[in-house]
Amino acid sequence: MAENTVLNTRDVSRDIFSATVGSIACCYTGQPLDTLKVRMQTNPTVYTGVLQATKKTVAEEGIAALWKGAVPTAMGMAAENAMAFGMNEALKRAFPDPETDKLDLKKRPDLLKPFFMGTITGCCSAVVLLPSEVIKAKTQVVVGNEGASSSDVYRRILRKQGYKGLLCGFDSQLMRDGPFYAVFFGSYELFCYLFRTTVPSMPDELNYFMSGGFAGMLGWTVAMPFDVPKTNVQSRWDTKTFGSYFPEMARIAKERGIGGFYNGLKPTLIRAFPANAALFLGVESGKKFFDNILWKE
């Protein structure tokens, strides 16, 4: 009977393993463009475009600077995606779609339920992701190599703000992750269904890759206006756990206009396709490896 429960050991282990595989693939594929995005969001007068920001960063700090914050990002991403994909899969097991038939993948599933499940997933993931996001944001805006490692930034946070400094911008994390994951998981299921029905000859792996890439781009397009004030709040040293997000949003609107909420959109979208394509391909491949090699049913 235990095998059929929502949180049975095998399924949870499978969720964590596949999410970890996908996270590593996603992190190292997309980190350089994420670093550029953060710098363009926090200092748009210095980093004015993708190519300019790339040249300036590499010239002044070396190419390795593009992977600043990669270690906490990979760790945070593994924890985040273990929570995100684990929560999402648990919700699917708890509220199965009666229209889903594993023997007939072309049968139309419920395409609204994944969007609602994604919103719940995003709020849960924000709790896990927050500390690594704070460290990453502060690390990525450090110019130069002195005190620029994630461990240096972590120690500085504890010294200046204590452990509560790792939780700054909690409201901003919720504001971004709720909408993002709603669109992320919802559109992934939609794209998978569309590719299965319109291009039936497409291999599953290519379907996962393409659907993941497009879902990532769409998710970030929707979440970007929420992400810019979040990045600014978490990269500074004078912000609070709650209460800094909406004043920062008002400040950006006043100083930069509506366009200010889309600073860094170009590198984000360039990064979103390969990074999230790698994420979903890694997750789906991890599931198959787990089922066929690690823990056969």
# chains A, B, ... in the order shown; residues from 1 in each chain; ligands from 1
$ residues_around --residues "Ala82 of chain A" --least-positions-apart "5" --cutoff "9 Å" --atoms "only C-alpha atoms" --output "list in words"
Asp15, Ile16, Phe17, Ser18, Ala19, Thr20, Ser23, Met77, Met87 and Ser125 of chain A
$ select_by_dssp --residues "segment 106-220 of chain A" --states "helix (DSSP H, G or I)" --output "mmCIF file with N, CA, C and O atoms, in the first residue's frame"
data_model
loop_
_atom_site.group_PDB
_atom_site.id
_atom_site.type_symbol
_atom_site.label_atom_id
_atom_site.label_comp_id
_atom_site.auth_asym_id
_atom_site.auth_seq_id
_atom_site.Cartn_x
_atom_site.Cartn_y
_atom_site.Cartn_z
ATOM 1 N N LYS A 113 -4.602 22.711 -14.979
ATOM 2 C CA LYS A 113 -4.144 22.253 -13.672
ATOM 3 C C LYS A 113 -2.636 22.455 -13.464
ATOM 4 O O LYS A 113 -2.217 22.876 -12.382
ATOM 5 N N PRO A 114 -1.773 22.197 -14.478
ATOM 6 C CA PRO A 114 -0.329 22.417 -14.273
ATOM 7 C C PRO A 114 0.033 23.855 -13.922
ATOM 8 O O PRO A 114 1.010 24.098 -13.206
ATOM 9 N N PHE A 115 -0.760 24.836 -14.392
ATOM 10 C CA PHE A 115 -0.486 26.240 -14.067
ATOM 11 C C PHE A 115 -0.768 26.516 -12.586
ATOM 12 O O PHE A 115 0.003 27.201 -11.920
ATOM 13 N N PHE A 116 -1.867 25.963 -12.062
ATOM 14 C CA PHE A 116 -2.182 26.137 -10.641
ATOM 15 C C PHE A 116 -1.161 25.412 -9.765
ATOM 16 O O PHE A 116 -0.703 25.937 -8.745
ATOM 17 N N MET A 117 -0.798 24.204 -10.171
ATOM 18 C CA MET A 117 0.209 23.448 -9.418
ATOM 19 C C MET A 117 1.554 24.165 -9.439
ATOM 20 O O MET A 117 2.301 24.151 -8.460
ATOM 21 N N GLY A 118 1.864 24.803 -10.564
ATOM 22 C CA GLY A 118 3.116 25.540 -10.668
ATOM 23 C C GLY A 118 3.182 26.713 -9.707
ATOM 24 O O GLY A 118 4.243 27.004 -9.144
ATOM 25 N N THR A 119 2.057 27.388 -9.493
ATOM 26 C CA THR A 119 2.021 28.508 -8.545
ATOM 27 C C THR A 119 2.326 28.025 -7.128
ATOM 28 O O THR A 119 3.123 28.643 -6.405
ATOM 29 N N ILE A 120 1.701 26.924 -6.719
ATOM 30 C CA ILE A 120 1.967 26.350 -5.395
ATOM 31 C C ILE A 120 3.425 25.943 -5.279
ATOM 32 O O ILE A 120 4.096 26.203 -4.276
ATOM 33 N N THR A 121 3.924 25.324 -6.334
ATOM 34 C CA THR A 121 5.330 24.896 -6.360
ATOM 35 C C THR A 121 6.270 26.077 -6.185
ATOM 36 O O THR A 121 7.253 26.011 -5.433
ATOM 37 N N GLY A 122 5.984 27.193 -6.870
ATOM 38 C CA GLY A 122 6.852 28.364 -6.798
ATOM 39 C C GLY A 122 6.938 28.941 -5.400
ATOM 40 O O GLY A 122 8.026 29.325 -4.943
ATOM 41 N N CYS A 123 5.820 29.002 -4.700
ATOM 42 C CA CYS A 123 5.821 29.540 -3.334
ATOM 43 C C CYS A 123 6.624 28.654 -2.390
ATOM 44 O O CYS A 123 7.342 29.145 -1.512
ATOM 45 N N CYS A 124 6.536 27.345 -2.579
ATOM 46 C CA CYS A 124 7.317 26.420 -1.741
ATOM 47 C C CYS A 124 8.807 26.511 -2.067
ATOM 48 O O CYS A 124 9.663 26.498 -1.172
ATOM 49 N N SER A 125 9.124 26.607 -3.348
ATOM 50 C CA SER A 125 10.525 26.667 -3.764
ATOM 51 C C SER A 125 11.220 27.932 -3.280
ATOM 52 O O SER A 125 12.426 27.923 -3.004
ATOM 53 N N ALA A 126 10.469 29.031 -3.190
ATOM 54 C CA ALA A 126 11.059 30.300 -2.753
ATOM 55 C C ALA A 126 11.694 30.172 -1.381
ATOM 56 O O ALA A 126 12.740 30.775 -1.106
ATOM 57 N N VAL A 127 11.099 29.374 -0.515
ATOM 58 C CA VAL A 127 11.619 29.193 0.839
ATOM 59 C C VAL A 127 12.996 28.540 0.802
ATOM 60 O O VAL A 127 13.920 28.928 1.523
ATOM 61 N N VAL A 128 13.147 27.540 -0.075
ATOM 62 C CA VAL A 128 14.411 26.803 -0.178
ATOM 63 C C VAL A 128 15.472 27.628 -0.896
ATOM 64 O O VAL A 128 16.642 27.633 -0.532
ATOM 65 N N LEU A 129 15.055 28.345 -1.925
ATOM 66 C CA LEU A 129 16.009 29.031 -2.800
ATOM 67 C C LEU A 129 16.572 30.320 -2.221
ATOM 68 O O LEU A 129 17.689 30.728 -2.568
ATOM 69 N N LEU A 130 15.853 30.965 -1.334
ATOM 70 C CA LEU A 130 16.171 32.321 -0.902
ATOM 71 C C LEU A 130 17.629 32.541 -0.476
ATOM 72 O O LEU A 130 18.288 33.450 -0.995
ATOM 73 N N PRO A 131 18.200 31.762 0.471
ATOM 74 C CA PRO A 131 19.585 32.044 0.895
ATOM 75 C C PRO A 131 20.598 32.014 -0.240
ATOM 76 O O PRO A 131 21.469 32.897 -0.332
ATOM 77 N N SER A 132 20.501 31.015 -1.128
ATOM 78 C CA SER A 132 21.464 30.943 -2.234
ATOM 79 C C SER A 132 21.256 32.081 -3.220
ATOM 80 O O SER A 132 22.215 32.568 -3.822
ATOM 81 N N GLU A 133 20.029 32.539 -3.403
ATOM 82 C CA GLU A 133 19.763 33.660 -4.292
ATOM 83 C C GLU A 133 20.361 34.952 -3.745
ATOM 84 O O GLU A 133 20.891 35.772 -4.502
ATOM 85 N N VAL A 134 20.284 35.143 -2.432
ATOM 86 C CA VAL A 134 20.862 36.333 -1.807
ATOM 87 C C VAL A 134 22.379 36.340 -1.987
ATOM 88 O O VAL A 134 22.980 37.348 -2.379
ATOM 89 N N ILE A 135 23.017 35.191 -1.709
ATOM 90 C CA ILE A 135 24.478 35.089 -1.863
ATOM 91 C C ILE A 135 24.869 35.296 -3.319
ATOM 92 O O ILE A 135 25.820 36.028 -3.630
ATOM 93 N N LYS A 136 24.144 34.669 -4.230
ATOM 94 C CA LYS A 136 24.456 34.780 -5.657
ATOM 95 C C LYS A 136 24.349 36.220 -6.132
ATOM 96 O O LYS A 136 25.239 36.727 -6.831
ATOM 97 N N ALA A 137 23.262 36.903 -5.779
ATOM 98 C CA ALA A 137 23.053 38.280 -6.241
ATOM 99 C C ALA A 137 24.162 39.204 -5.749
ATOM 100 O O ALA A 137 24.677 40.034 -6.501
ATOM 101 N N LYS A 138 24.544 39.061 -4.479
ATOM 102 C CA LYS A 138 25.601 39.914 -3.927
ATOM 103 C C LYS A 138 26.962 39.567 -4.533
ATOM 104 O O LYS A 138 27.810 40.446 -4.712
ATOM 105 N N THR A 139 27.182 38.292 -4.848
ATOM 106 C CA THR A 139 28.456 37.875 -5.444
ATOM 107 C C THR A 139 28.591 38.395 -6.862
ATOM 108 O O THR A 139 29.658 38.863 -7.271
ATOM 109 N N GLN A 140 27.504 38.339 -7.631
ATOM 110 C CA GLN A 140 27.582 38.681 -9.043
ATOM 111 C C GLN A 140 27.802 40.169 -9.294
ATOM 112 O O GLN A 140 28.258 40.541 -10.372
ATOM 113 N N SER A 150 31.970 33.313 -3.359
ATOM 114 C CA SER A 150 30.700 33.120 -2.653
ATOM 115 C C SER A 150 30.916 32.993 -1.149
ATOM 116 O O SER A 150 30.123 33.509 -0.350
ATOM 117 N N SER A 151 32.007 32.325 -0.763
ATOM 118 C CA SER A 151 32.285 32.158 0.668
ATOM 119 C C SER A 151 32.634 33.502 1.318
ATOM 120 O O SER A 151 32.261 33.762 2.467
ATOM 121 N N ASP A 152 33.342 34.375 0.576
ATOM 122 C CA ASP A 152 33.651 35.713 1.094
ATOM 123 C C ASP A 152 32.370 36.504 1.331
ATOM 124 O O ASP A 152 32.201 37.165 2.363
ATOM 125 N N VAL A 153 31.470 36.434 0.355
ATOM 126 C CA VAL A 153 30.203 37.163 0.470
ATOM 127 C C VAL A 153 29.366 36.589 1.612
ATOM 128 O O VAL A 153 28.752 37.339 2.387
ATOM 129 N N TYR A 154 29.346 35.279 1.736
ATOM 130 C CA TYR A 154 28.593 34.628 2.813
ATOM 131 C C TYR A 154 29.078 35.090 4.186
ATOM 132 O O TYR A 154 28.278 35.463 5.056
ATOM 133 N N ARG A 155 30.401 35.112 4.369
ATOM 134 C CA ARG A 155 30.968 35.552 5.658
ATOM 135 C C ARG A 155 30.655 37.029 5.914
ATOM 136 O O ARG A 155 30.384 37.420 7.055
ATOM 137 N N ARG A 156 30.681 37.824 4.862
ATOM 138 C CA ARG A 156 30.386 39.244 5.012
ATOM 139 C C ARG A 156 28.919 39.446 5.416
ATOM 140 O O ARG A 156 28.608 40.314 6.238
ATOM 141 N N ILE A 157 28.024 38.658 4.840
ATOM 142 C CA ILE A 157 26.603 38.750 5.212
ATOM 143 C C ILE A 157 26.429 38.440 6.696
ATOM 144 O O ILE A 157 25.738 39.170 7.426
ATOM 145 N N LEU A 158 27.054 37.356 7.149
ATOM 146 C CA LEU A 158 26.915 36.974 8.558
ATOM 147 C C LEU A 158 27.518 38.030 9.483
ATOM 148 O O LEU A 158 26.975 38.311 10.558
ATOM 149 N N ARG A 159 28.621 38.627 9.036
ATOM 150 C CA ARG A 159 29.292 39.629 9.856
ATOM 151 C C ARG A 159 28.475 40.919 9.959
ATOM 152 O O ARG A 159 28.369 41.531 11.026
ATOM 153 N N LYS A 160 27.875 41.334 8.852
ATOM 154 C CA LYS A 160 27.158 42.610 8.828
ATOM 155 C C LYS A 160 25.690 42.496 9.242
ATOM 156 O O LYS A 160 25.140 43.413 9.849
ATOM 157 N N GLN A 161 25.062 41.367 8.883
ATOM 158 C CA GLN A 161 23.618 41.275 9.078
ATOM 159 C C GLN A 161 23.169 40.067 9.902
ATOM 160 O O GLN A 161 21.993 39.991 10.267
ATOM 161 N N TYR A 163 22.399 35.900 10.451
ATOM 162 C CA TYR A 163 21.720 34.916 9.606
ATOM 163 C C TYR A 163 20.468 35.478 8.930
ATOM 164 O O TYR A 163 20.050 35.005 7.873
ATOM 165 N N LYS A 164 19.871 36.501 9.525
ATOM 166 C CA LYS A 164 18.680 37.085 8.900
ATOM 167 C C LYS A 164 19.026 37.740 7.564
ATOM 168 O O LYS A 164 18.141 37.950 6.720
ATOM 169 N N GLY A 165 20.305 38.070 7.359
ATOM 170 C CA GLY A 165 20.733 38.637 6.084
ATOM 171 C C GLY A 165 20.551 37.671 4.927
ATOM 172 O O GLY A 165 20.439 38.088 3.768
ATOM 173 N N LEU A 166 20.528 36.366 5.226
ATOM 174 C CA LEU A 166 20.319 35.358 4.193
ATOM 175 C C LEU A 166 18.861 35.280 3.758
ATOM 176 O O LEU A 166 18.534 34.575 2.808
ATOM 177 N N LEU A 167 18.000 35.985 4.466
ATOM 178 C CA LEU A 167 16.570 35.947 4.169
ATOM 179 C C LEU A 167 16.039 37.274 3.634
ATOM 180 O O LEU A 167 14.837 37.464 3.542
ATOM 181 N N PHE A 170 12.553 38.249 1.134
ATOM 182 C CA PHE A 170 11.701 37.066 1.075
ATOM 183 C C PHE A 170 10.427 37.340 0.279
ATOM 184 O O PHE A 170 9.984 36.523 -0.539
ATOM 185 N N ASP A 171 9.853 38.524 0.483
ATOM 186 C CA ASP A 171 8.643 38.873 -0.270
ATOM 187 C C ASP A 171 8.931 38.978 -1.761
ATOM 188 O O ASP A 171 8.112 38.582 -2.598
ATOM 189 N N SER A 172 10.121 39.466 -2.113
ATOM 190 C CA SER A 172 10.470 39.582 -3.533
ATOM 191 C C SER A 172 10.646 38.205 -4.180
ATOM 192 O O SER A 172 10.318 38.014 -5.352
ATOM 193 N N GLN A 173 11.156 37.259 -3.395
ATOM 194 C CA GLN A 173 11.324 35.895 -3.913
ATOM 195 C C GLN A 173 9.964 35.268 -4.211
ATOM 196 O O GLN A 173 9.773 34.627 -5.254
ATOM 197 N N LEU A 174 9.006 35.473 -3.319
ATOM 198 C CA LEU A 174 7.659 34.942 -3.527
ATOM 199 C C LEU A 174 6.992 35.601 -4.737
ATOM 200 O O LEU A 174 6.331 34.924 -5.537
ATOM 201 N N MET A 175 7.186 36.904 -4.873
ATOM 202 C CA MET A 175 6.560 37.635 -5.970
ATOM 203 C C MET A 175 7.079 37.180 -7.334
ATOM 204 O O MET A 175 6.349 37.213 -8.328
ATOM 205 N N ARG A 176 8.325 36.765 -7.396
ATOM 206 C CA ARG A 176 8.856 36.293 -8.672
ATOM 207 C C ARG A 176 8.536 34.827 -8.929
ATOM 208 O O ARG A 176 8.141 34.432 -10.027
ATOM 209 N N ASP A 177 8.718 33.984 -7.912
ATOM 210 C CA ASP A 177 8.651 32.544 -8.143
ATOM 211 C C ASP A 177 7.239 32.016 -8.365
ATOM 212 O O ASP A 177 7.064 31.027 -9.078
ATOM 213 N N GLY A 178 6.236 32.656 -7.758
ATOM 214 C CA GLY A 178 4.866 32.219 -7.989
ATOM 215 C C GLY A 178 4.481 32.295 -9.460
ATOM 216 O O GLY A 178 4.114 31.280 -10.076
ATOM 217 N N PRO A 179 4.558 33.477 -10.081
ATOM 218 C CA PRO A 179 4.224 33.592 -11.510
ATOM 219 C C PRO A 179 5.151 32.779 -12.408
ATOM 220 O O PRO A 179 4.703 32.187 -13.391
ATOM 221 N N PHE A 180 6.444 32.761 -12.056
ATOM 222 C CA PHE A 180 7.392 32.045 -12.919
ATOM 223 C C PHE A 180 7.047 30.566 -13.013
ATOM 224 O O PHE A 180 6.938 30.006 -14.113
ATOM 225 N N TYR A 181 6.879 29.916 -11.873
ATOM 226 C CA TYR A 181 6.639 28.472 -11.906
ATOM 227 C C TYR A 181 5.263 28.120 -12.449
ATOM 228 O O TYR A 181 5.069 27.029 -13.007
ATOM 229 N N ALA A 182 4.294 29.007 -12.289
ATOM 230 C CA ALA A 182 2.984 28.773 -12.886
ATOM 231 C C ALA A 182 3.126 28.616 -14.399
ATOM 232 O O ALA A 182 2.627 27.659 -15.004
ATOM 233 N N VAL A 183 3.833 29.565 -15.024
ATOM 234 C CA VAL A 183 4.017 29.538 -16.469
ATOM 235 C C VAL A 183 5.023 28.460 -16.871
ATOM 236 O O VAL A 183 4.850 27.779 -17.890
ATOM 237 N N PHE A 184 6.056 28.278 -16.068
ATOM 238 C CA PHE A 184 7.136 27.327 -16.360
ATOM 239 C C PHE A 184 6.599 25.906 -16.510
ATOM 240 O O PHE A 184 6.758 25.265 -17.552
ATOM 241 N N PHE A 185 5.934 25.404 -15.453
ATOM 242 C CA PHE A 185 5.426 24.036 -15.497
ATOM 243 C C PHE A 185 4.183 23.925 -16.382
ATOM 244 O O PHE A 185 3.999 22.926 -17.078
ATOM 245 N N GLY A 186 3.339 24.948 -16.333
ATOM 246 C CA GLY A 186 2.128 24.901 -17.140
ATOM 247 C C GLY A 186 2.427 24.870 -18.630
ATOM 248 O O GLY A 186 1.873 24.048 -19.380
ATOM 249 N N SER A 187 3.310 25.756 -19.079
ATOM 250 C CA SER A 187 3.607 25.808 -20.512
ATOM 251 C C SER A 187 4.441 24.607 -20.957
ATOM 252 O O SER A 187 4.343 24.184 -22.113
ATOM 253 N N TYR A 188 5.244 24.031 -20.057
ATOM 254 C CA TYR A 188 6.009 22.830 -20.427
ATOM 255 C C TYR A 188 5.061 21.696 -20.802
ATOM 256 O O TYR A 188 5.249 21.031 -21.832
ATOM 257 N N GLU A 189 4.046 21.470 -19.967
ATOM 258 C CA GLU A 189 3.070 20.423 -20.274
ATOM 259 C C GLU A 189 2.344 20.738 -21.580
ATOM 260 O O GLU A 189 2.072 19.840 -22.389
ATOM 261 N N LEU A 190 2.038 22.015 -21.797
ATOM 262 C CA LEU A 190 1.345 22.427 -23.013
ATOM 263 C C LEU A 190 2.207 22.183 -24.245
ATOM 264 O O LEU A 190 1.741 21.619 -25.244
ATOM 265 N N PHE A 191 3.479 22.606 -24.186
ATOM 266 C CA PHE A 191 4.374 22.414 -25.329
ATOM 267 C C PHE A 191 4.605 20.931 -25.611
ATOM 268 O O PHE A 191 4.648 20.519 -26.783
ATOM 269 N N CYS A 192 4.780 20.129 -24.559
ATOM 270 C CA CYS A 192 4.970 18.687 -24.764
ATOM 271 C C CYS A 192 3.781 18.084 -25.505
ATOM 272 O O CYS A 192 3.946 17.278 -26.429
ATOM 273 N N TYR A 193 2.594 18.474 -25.084
ATOM 274 C CA TYR A 193 1.374 17.967 -25.723
ATOM 275 C C TYR A 193 1.303 18.424 -27.192
ATOM 276 O O TYR A 193 0.989 17.633 -28.096
ATOM 277 N N LEU A 194 1.614 19.696 -27.436
ATOM 278 C CA LEU A 194 1.556 20.225 -28.798
ATOM 279 C C LEU A 194 2.556 19.541 -29.718
ATOM 280 O O LEU A 194 2.232 19.195 -30.866
ATOM 281 N N PHE A 195 3.773 19.326 -29.237
ATOM 282 C CA PHE A 195 4.782 18.653 -30.056
ATOM 283 C C PHE A 195 4.397 17.190 -30.318
ATOM 284 O O PHE A 195 4.616 16.667 -31.414
ATOM 285 N N ARG A 196 3.834 16.513 -29.292
ATOM 286 C CA ARG A 196 3.428 15.117 -29.475
ATOM 287 C C ARG A 196 2.340 14.976 -30.527
ATOM 288 O O ARG A 196 2.326 14.006 -31.286
ATOM 289 N N THR A 197 1.432 15.949 -30.550
ATOM 290 C CA THR A 197 0.293 15.833 -31.464
ATOM 291 C C THR A 197 0.564 16.413 -32.845
ATOM 292 O O THR A 197 0.003 15.942 -33.840
ATOM 293 N N THR A 198 1.392 17.452 -32.927
ATOM 294 C CA THR A 198 1.638 18.095 -34.230
ATOM 295 C C THR A 198 2.875 17.537 -34.938
ATOM 296 O O THR A 198 2.961 17.595 -36.164
ATOM 297 N N ASP A 204 11.303 11.663 -28.142
ATOM 298 C CA ASP A 204 10.946 12.198 -26.825
ATOM 299 C C ASP A 204 12.004 13.165 -26.307
ATOM 300 O O ASP A 204 11.674 14.214 -25.736
ATOM 301 N N GLU A 205 13.277 12.810 -26.485
ATOM 302 C CA GLU A 205 14.354 13.655 -25.965
ATOM 303 C C GLU A 205 14.332 15.041 -26.589
ATOM 304 O O GLU A 205 14.563 16.042 -25.913
ATOM 305 N N LEU A 206 14.058 15.111 -27.888
ATOM 306 C CA LEU A 206 13.986 16.410 -28.557
ATOM 307 C C LEU A 206 12.750 17.179 -28.081
ATOM 308 O O LEU A 206 12.790 18.400 -27.913
ATOM 309 N N ASN A 207 11.661 16.472 -27.827
ATOM 310 C CA ASN A 207 10.451 17.092 -27.293
ATOM 311 C C ASN A 207 10.747 17.727 -25.935
ATOM 312 O O ASN A 207 10.394 18.883 -25.684
ATOM 313 N N TYR A 208 11.392 16.970 -25.038
ATOM 314 C CA TYR A 208 11.735 17.499 -23.715
ATOM 315 C C TYR A 208 12.620 18.736 -23.848
ATOM 316 O O TYR A 208 12.427 19.740 -23.148
ATOM 317 N N PHE A 209 13.610 18.653 -24.748
ATOM 318 C CA PHE A 209 14.574 19.744 -24.934
ATOM 319 C C PHE A 209 13.876 21.008 -25.437
ATOM 320 O O PHE A 209 14.029 22.091 -24.867
ATOM 321 N N MET A 210 13.082 20.859 -26.504
ATOM 322 C CA MET A 210 12.406 22.011 -27.096
ATOM 323 C C MET A 210 11.350 22.579 -26.147
ATOM 324 O O MET A 210 11.261 23.795 -25.953
ATOM 325 N N SER A 211 10.547 21.710 -25.545
ATOM 326 C CA SER A 211 9.482 22.173 -24.642
ATOM 327 C C SER A 211 10.069 22.881 -23.431
ATOM 328 O O SER A 211 9.560 23.918 -22.994
ATOM 329 N N GLY A 212 11.158 22.331 -22.877
ATOM 330 C CA GLY A 212 11.814 22.955 -21.737
ATOM 331 C C GLY A 212 12.385 24.319 -22.079
ATOM 332 O O GLY A 212 12.271 25.270 -21.301
ATOM 333 N N GLY A 213 12.994 24.423 -23.251
ATOM 334 C CA GLY A 213 13.568 25.697 -23.674
ATOM 335 C C GLY A 213 12.510 26.780 -23.849
ATOM 336 O O GLY A 213 12.653 27.901 -23.360
ATOM 337 N N PHE A 214 11.421 26.430 -24.538
ATOM 338 C CA PHE A 214 10.349 27.408 -24.754
ATOM 339 C C PHE A 214 9.634 27.753 -23.449
ATOM 340 O O PHE A 214 9.243 28.906 -23.219
ATOM 341 N N ALA A 215 9.457 26.761 -22.576
ATOM 342 C CA ALA A 215 8.821 27.028 -21.275
ATOM 343 C C ALA A 215 9.670 27.983 -20.450
ATOM 344 O O ALA A 215 9.140 28.877 -19.776
ATOM 345 N N GLY A 216 10.983 27.807 -20.501
ATOM 346 C CA GLY A 216 11.878 28.703 -19.780
ATOM 347 C C GLY A 216 11.802 30.129 -20.296
ATOM 348 O O GLY A 216 11.738 31.092 -19.523
ATOM 349 N N MET A 217 11.787 30.283 -21.608
ATOM 350 C CA MET A 217 11.707 31.622 -22.199
ATOM 351 C C MET A 217 10.383 32.300 -21.842
ATOM 352 O O MET A 217 10.353 33.487 -21.484
ATOM 353 N N LEU A 218 9.285 31.560 -21.933
ATOM 354 C CA LEU A 218 7.979 32.137 -21.624
ATOM 355 C C LEU A 218 7.868 32.471 -20.139
ATOM 356 O O LEU A 218 7.357 33.535 -19.763
ATOM 357 N N GLY A 219 8.377 31.571 -19.290
ATOM 358 C CA GLY A 219 8.335 31.815 -17.850
ATOM 359 C C GLY A 219 9.093 33.072 -17.462
ATOM 360 O O GLY A 219 8.606 33.893 -16.671
ATOM 361 N N TRP A 220 10.276 33.266 -18.052
ATOM 362 C CA TRP A 220 11.077 34.432 -17.710
ATOM 363 C C TRP A 220 10.506 35.720 -18.301
ATOM 364 O O TRP A 220 10.653 36.795 -17.716
#
$ closest_atom_pairs --of "segment 29-58 of chain A" --to "segment 249-260 of chain A" --cutoff "12 Å" --atoms "only C-alpha atoms" --output "Markdown table"
| residue | atom | partner | partner_atom | distance |
| --- | --- | --- | --- | --- |
| A:Met40 | CA | A:Gly260 | CA | 10.4 |
| A:Gln41 | CA | A:Gly260 | CA | 8.3 |
| A:Thr42 | CA | A:Gly260 | CA | 10.4 |
| A:Asn43 | CA | A:Gly260 | CA | 11.2 |
| A:Pro44 | CA | A:Gly260 | CA | 9.0 |
| A:Thr45 | CA | A:Arg256 | CA | 11.0 |
$ write_last_selection --atoms "N, CA, C and O atoms" --output "PDB file, in the first residue's frame"
ATOM      1  N   MET A  40      23.457  43.864 -15.536  1.00  0.00           N
ATOM      2  CA  MET A  40      22.666  44.812 -16.320  1.00  0.00           C
ATOM      3  C   MET A  40      21.468  45.329 -15.525  1.00  0.00           C
ATOM      4  O   MET A  40      21.054  46.481 -15.692  1.00  0.00           O
ATOM      5  N   GLN A  41      20.920  44.483 -14.640  1.00  0.00           N
ATOM      6  CA  GLN A  41      19.776  44.900 -13.835  1.00  0.00           C
ATOM      7  C   GLN A  41      20.174  45.862 -12.717  1.00  0.00           C
ATOM      8  O   GLN A  41      19.445  46.801 -12.399  1.00  0.00           O
ATOM      9  N   THR A  42      21.329  45.608 -12.102  1.00  0.00           N
ATOM     10  CA  THR A  42      21.723  46.399 -10.944  1.00  0.00           C
ATOM     11  C   THR A  42      22.523  47.643 -11.312  1.00  0.00           C
ATOM     12  O   THR A  42      22.566  48.598 -10.542  1.00  0.00           O
ATOM     13  N   ASN A  43      23.172  47.629 -12.483  1.00  0.00           N
ATOM     14  CA  ASN A  43      23.989  48.772 -12.876  1.00  0.00           C
ATOM     15  C   ASN A  43      23.849  49.012 -14.381  1.00  0.00           C
ATOM     16  O   ASN A  43      24.813  48.851 -15.147  1.00  0.00           O
ATOM     17  N   PRO A  44      22.651  49.392 -14.841  1.00  0.00           N
ATOM     18  CA  PRO A  44      22.405  49.495 -16.284  1.00  0.00           C
ATOM     19  C   PRO A  44      23.181  50.588 -16.994  1.00  0.00           C
ATOM     20  O   PRO A  44      23.336  50.540 -18.220  1.00  0.00           O
ATOM     21  N   THR A  45      23.705  51.567 -16.257  1.00  0.00           N
ATOM     22  CA  THR A  45      24.483  52.623 -16.915  1.00  0.00           C
ATOM     23  C   THR A  45      25.903  52.162 -17.233  1.00  0.00           C
ATOM     24  O   THR A  45      26.544  52.694 -18.135  1.00  0.00           O
TER      25      THR A  45
END
$ closest_residue --among "A:Val142, A:Val21, A:Ala84, A:Ala78" --to "Val38 of chain A" --atoms "only C-alpha atoms"
A:Val142
